[in-house]
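Student: Below is one structure. I have some questions about it.
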Amino acid sequence: MPDGPGIIAVVDTLPDTAAEPGRRTRRRFRISSVEVLCAILLIAILGQDRLQQLFDVPALRTGSTVFVAVCVQALPFLVLGVLISGAIAAFVPARVLEKVLPRRAGAAVGVAGLAGVALPGCECASVPVARRLMGQGVAPAAALAFLLAAPAVNPVVLVATAVAFPGKPELVLARFAGSLATAMVMGWLWARFGKLEWITARALRRLPEVADGQRWRVFAETARTDLAEAGGFLVLGALISSALNVLVPSKWFGVLGDQIVLGVVVMAVLAVVLALCSEADAFVAASLTALPLLPKLVFLVVGPAVDVKLFALQAGTFGRSFAVRFAPATFVVAVACAVVAGVLVGVA
């Protein structure tokens, strides 16, 4: 068949043994996201002087700095998370997880919460791992408890908190206790009141057993797919966080020093909108010298449990119906657990 107008590329799609002699199937070349990205980069390079003049505004510079900081902080741990997700899908049979975790959902929540101590990472890394655990047959309550515990109670976060607050071991202990309590309470609440229809079907889809010869291929494909899905929502969350950072005046913190209740509420909301990585949030909290320790503790417990970036990741991974229910409940539980842990440990 002769080439007609509008045919951009001709590709053989059938092997020689299956195709009829003299015939080839044709398909039209499609523009993918890679070509779009290359075009945008080319335009940015060619017009960089004009773009620099157009966006040379202090507020935009601040917002862009925050956006880049959130992405740079979170991306390595997101990559770690998708690699672990791929490894679970390819190398950990579902029957192994079924043997390790208790059959009772309440006991499985406790084991999954304590397992978060062993995984250094941030909340971005825990989302794809939790999804993969569900795909391997783990009870959603246990997977969600792990999702909340892993970024908040691992050794890296606790060491960073101790470095940021020297001479304040009670704050480190209170953060560990409040965060672990948040994860377990939310896991138990989900086991009691949660419904599977709130979670999108793709997150619950049971994965088939992987043949030995296909394990590395499954690992690569799973990690690539999870990174592509979660990365887009990470960017969305970082954009929201950068915009809100510009809109919150820094002078507001000066009036919170003597108002504990107002300070707790403001720092809880601030933890949601700033969307800091759990490895870096302690240093930000320590820099707010005008505030007492209790509002800072609430900031440290709420941040890894729920923020705009994490909400976007959860909505993209588990579905919007899940996120609009899980995030507000987590916020309330995290604030309550942080305050109770602070009072019991003696953080003032």
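Naming scheme: A, B, ... for chains in displayed order of the structure tokens; residues 1 onward per chain; ligands 1 onward as shown.
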Near Ala139 of chain A, counting only C-alpha atoms, which residues have an atom at most 12 Å away, once you skip same-chain residues fewer than 4 positions from it, shown as a PyMOL selection string?
Tutor: chain A and resi 94+97-98+101-109+111-112+130-135+143-146+187-188+190-191+194-196+204+206
Student: Using only C-alpha atoms for the distances, tell me which of A:Val301, A:Ser242, A:Arg215, A:Gly342 is nearest to Val66 of chain A.
Tutor: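 Closest candidate: A:Ser242.
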Student: When you draw a straight line from atom CA of Met184 of chain A to atom CA of Val302 of chain A, how long is it in Å?
Tutor: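 Straight-line distance from atom CA of Met184 of chain A to atom CA of Val302 of chain A works out to 14.2 Å.
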Student: Please provide as a list in words all residues within 9 Å of Phe318 of chain A, with the sequence filter that same-chain residues fewer than 4 positions apart are discarded (counting only C-alpha atoms).
Tutor: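 Neighbouring residues, sequence-local ones excluded: Arg131, Trp198, Ile199, Thr200, Ala201, Arg202, Ala203, Leu204, Leu313, Gln314, Phe322 and Ala323 of chain A.
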Student: Hey, what's within 7 Å of Val117 of chain A if we count only C-alpha atoms and toss same-chain stuff fewer than 2 positions away? As number ranges by chain, please?
Tutor: A: 114-115, 119, 150, 153-155
Student: May I have the selected residues written with C-alpha atoms, as a PDB file, in the first residue's frame?
Tutor:
```pdb
ATOM      1  CA  LEU A 114       6.236  -1.481  65.120  1.00  0.00           C
ATOM      2  CA  ALA A 115       7.616  -2.563  61.720  1.00  0.00           C
ATOM      3  CA  LEU A 119      12.257   1.530  57.546  1.00  0.00           C
ATOM      4  CA  ALA A 150       7.164   4.323  58.971  1.00  0.00           C
ATOM      5  CA  VAL A 153       9.143   6.456  64.262  1.00  0.00           C
ATOM      6  CA  ASN A 154      12.177   5.287  62.294  1.00  0.00           C
ATOM      7  CA  PRO A 155      15.691   5.891  63.714  1.00  0.00           C
TER       8      PRO A 155
END
```
Student: Return as a VMD selection string the full set of residues in segment 89-173 of chain A whose backbone-based DSSP assignment is alpha helix (DSSP H).
Tutor: chain A and resid 89 to 91 94 to 100 105 to 115 123 to 135 140 to 153 155 to 164 169 to 173
Student: When you look at Gly303 of chain A with a cut-off of 8 Å (counting only C-alpha atoms), what residues show up, excluding the ones that are within fewer than 2 positions of it in the same chain? I need them as a list in words.
Tutor: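 Surrounding residues, per the criterion: Ala268, Ala271, Val272, Ala275, Leu276, Ser278, Asp281, Phe299, Leu300, Val301, Ala305, Val306 and Asp307 of chain A.
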Student: Pull N, CA, C and O atoms from the residues just selected and write them as a PDB file, in the first residue's frame.
Tutor:
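The result, written out as out-v7.pdb:
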```
ATOM      1  N   ALA A 268      -0.567  22.736  64.219  1.00  0.00           N
ATOM      2  CA  ALA A 268      -1.145  21.558  63.562  1.00  0.00           C
ATOM      3  C   ALA A 268      -1.521  21.885  62.122  1.00  0.00           C
ATOM      4  O   ALA A 268      -1.231  21.117  61.195  1.00  0.00           O
ATOM      5  N   ALA A 271       1.604  22.386  60.005  1.00  0.00           N
ATOM      6  CA  ALA A 271       2.237  21.132  59.598  1.00  0.00           C
ATOM      7  C   ALA A 271       1.587  20.567  58.347  1.00  0.00           C
ATOM      8  O   ALA A 271       2.258  19.980  57.486  1.00  0.00           O
ATOM      9  N   VAL A 272       0.275  20.761  58.227  1.00  0.00           N
ATOM     10  CA  VAL A 272      -0.444  20.267  57.056  1.00  0.00           C
ATOM     11  C   VAL A 272      -0.063  21.050  55.803  1.00  0.00           C
ATOM     12  O   VAL A 272       0.180  20.474  54.743  1.00  0.00           O
ATOM     13  N   ALA A 275       3.972  20.847  54.558  1.00  0.00           N
ATOM     14  CA  ALA A 275       4.307  19.574  53.899  1.00  0.00           C
ATOM     15  C   ALA A 275       5.805  19.297  53.887  1.00  0.00           C
ATOM     16  O   ALA A 275       6.395  18.984  52.863  1.00  0.00           O
ATOM     17  N   LEU A 276       6.435  19.412  55.064  1.00  0.00           N
ATOM     18  CA  LEU A 276       7.866  19.158  55.163  1.00  0.00           C
ATOM     19  C   LEU A 276       8.146  17.666  55.239  1.00  0.00           C
ATOM     20  O   LEU A 276       7.316  16.879  55.705  1.00  0.00           O
ATOM     21  N   SER A 278       9.712  14.372  56.843  1.00  0.00           N
ATOM     22  CA  SER A 278       9.823  14.041  58.260  1.00  0.00           C
ATOM     23  C   SER A 278      11.259  14.072  58.762  1.00  0.00           C
ATOM     24  O   SER A 278      11.492  14.208  59.962  1.00  0.00           O
ATOM     25  N   ASP A 281      11.644  18.231  59.320  1.00  0.00           N
ATOM     26  CA  ASP A 281      10.691  19.096  60.008  1.00  0.00           C
ATOM     27  C   ASP A 281      11.149  19.504  61.403  1.00  0.00           C
ATOM     28  O   ASP A 281      10.783  20.568  61.904  1.00  0.00           O
ATOM     29  N   PHE A 299       3.287  19.838  65.917  1.00  0.00           N
ATOM     30  CA  PHE A 299       3.787  20.041  64.552  1.00  0.00           C
ATOM     31  C   PHE A 299       4.538  18.806  64.063  1.00  0.00           C
ATOM     32  O   PHE A 299       4.363  18.366  62.919  1.00  0.00           O
ATOM     33  N   LEU A 300       5.367  18.207  64.934  1.00  0.00           N
ATOM     34  CA  LEU A 300       6.191  17.062  64.540  1.00  0.00           C
ATOM     35  C   LEU A 300       5.385  15.777  64.404  1.00  0.00           C
ATOM     36  O   LEU A 300       5.757  14.895  63.620  1.00  0.00           O
ATOM     37  N   VAL A 301       4.303  15.644  65.145  1.00  0.00           N
ATOM     38  CA  VAL A 301       3.480  14.427  65.055  1.00  0.00           C
ATOM     39  C   VAL A 301       2.495  14.519  63.893  1.00  0.00           C
ATOM     40  O   VAL A 301       2.279  13.542  63.163  1.00  0.00           O
ATOM     41  N   ALA A 305       2.003  12.541  59.425  1.00  0.00           N
ATOM     42  CA  ALA A 305       0.756  11.777  59.327  1.00  0.00           C
ATOM     43  C   ALA A 305      -0.179  12.322  58.261  1.00  0.00           C
ATOM     44  O   ALA A 305      -0.849  11.558  57.558  1.00  0.00           O
ATOM     45  N   VAL A 306      -0.249  13.644  58.112  1.00  0.00           N
ATOM     46  CA  VAL A 306      -1.165  14.240  57.142  1.00  0.00           C
ATOM     47  C   VAL A 306      -0.652  15.623  56.750  1.00  0.00           C
ATOM     48  O   VAL A 306      -0.363  16.457  57.606  1.00  0.00           O
ATOM     49  N   ASP A 307      -0.497  15.843  55.451  1.00  0.00           N
ATOM     50  CA  ASP A 307      -0.194  17.158  54.903  1.00  0.00           C
ATOM     51  C   ASP A 307      -0.721  17.207  53.472  1.00  0.00           C
ATOM     52  O   ASP A 307      -1.237  16.207  52.960  1.00  0.00           O
TER      53      ASP A 307
END
```
Student: Calculated over only C-alpha atoms, which of the candidates A:Gly346, A:Pro76, A:Gly316, A:Gly263 has the smallest distance to Pro128 of chain A?
Tutor: A:Gly316
Student: Just want the 12 Å neighbourhood of Leu173 of chain A, counted on only C-alpha atoms, with same-chain residues fewer than 5 positions away dropped. Output as a list in words.
Tutor: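 My reading of the contact set: Ala152, Val153, Pro155, Val157, Leu158, Val159, Thr161, Ala162, Phe165, Lys168, Gly178, Ser179, Leu180, Leu297, Leu300, Val301, Ala338, Ala341, Gly342, Val343, Leu344, Val345, Gly346 and Val347 of chain A.
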Student: What separation in Å, quoted to one decimal, exists between atom CA of Cys337 of chain A and atom CA of Ala160 of chain A?
Tutor: 20.8 Å
Student: Using Å and a single decimal, report how far atom CA of Ser287 of chain A sits from atom CA of Pro304 of chain A.
Tutor: 18.2 Å
Student: For Val68 of chain A, which of A:Val340, A:Ala327, A:Val235, A:Ala290 is the closest residue, counting only C-alpha atoms?
Tutor: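 Using only C-alpha atoms, Val68 of chain A sits closest to A:Val235.
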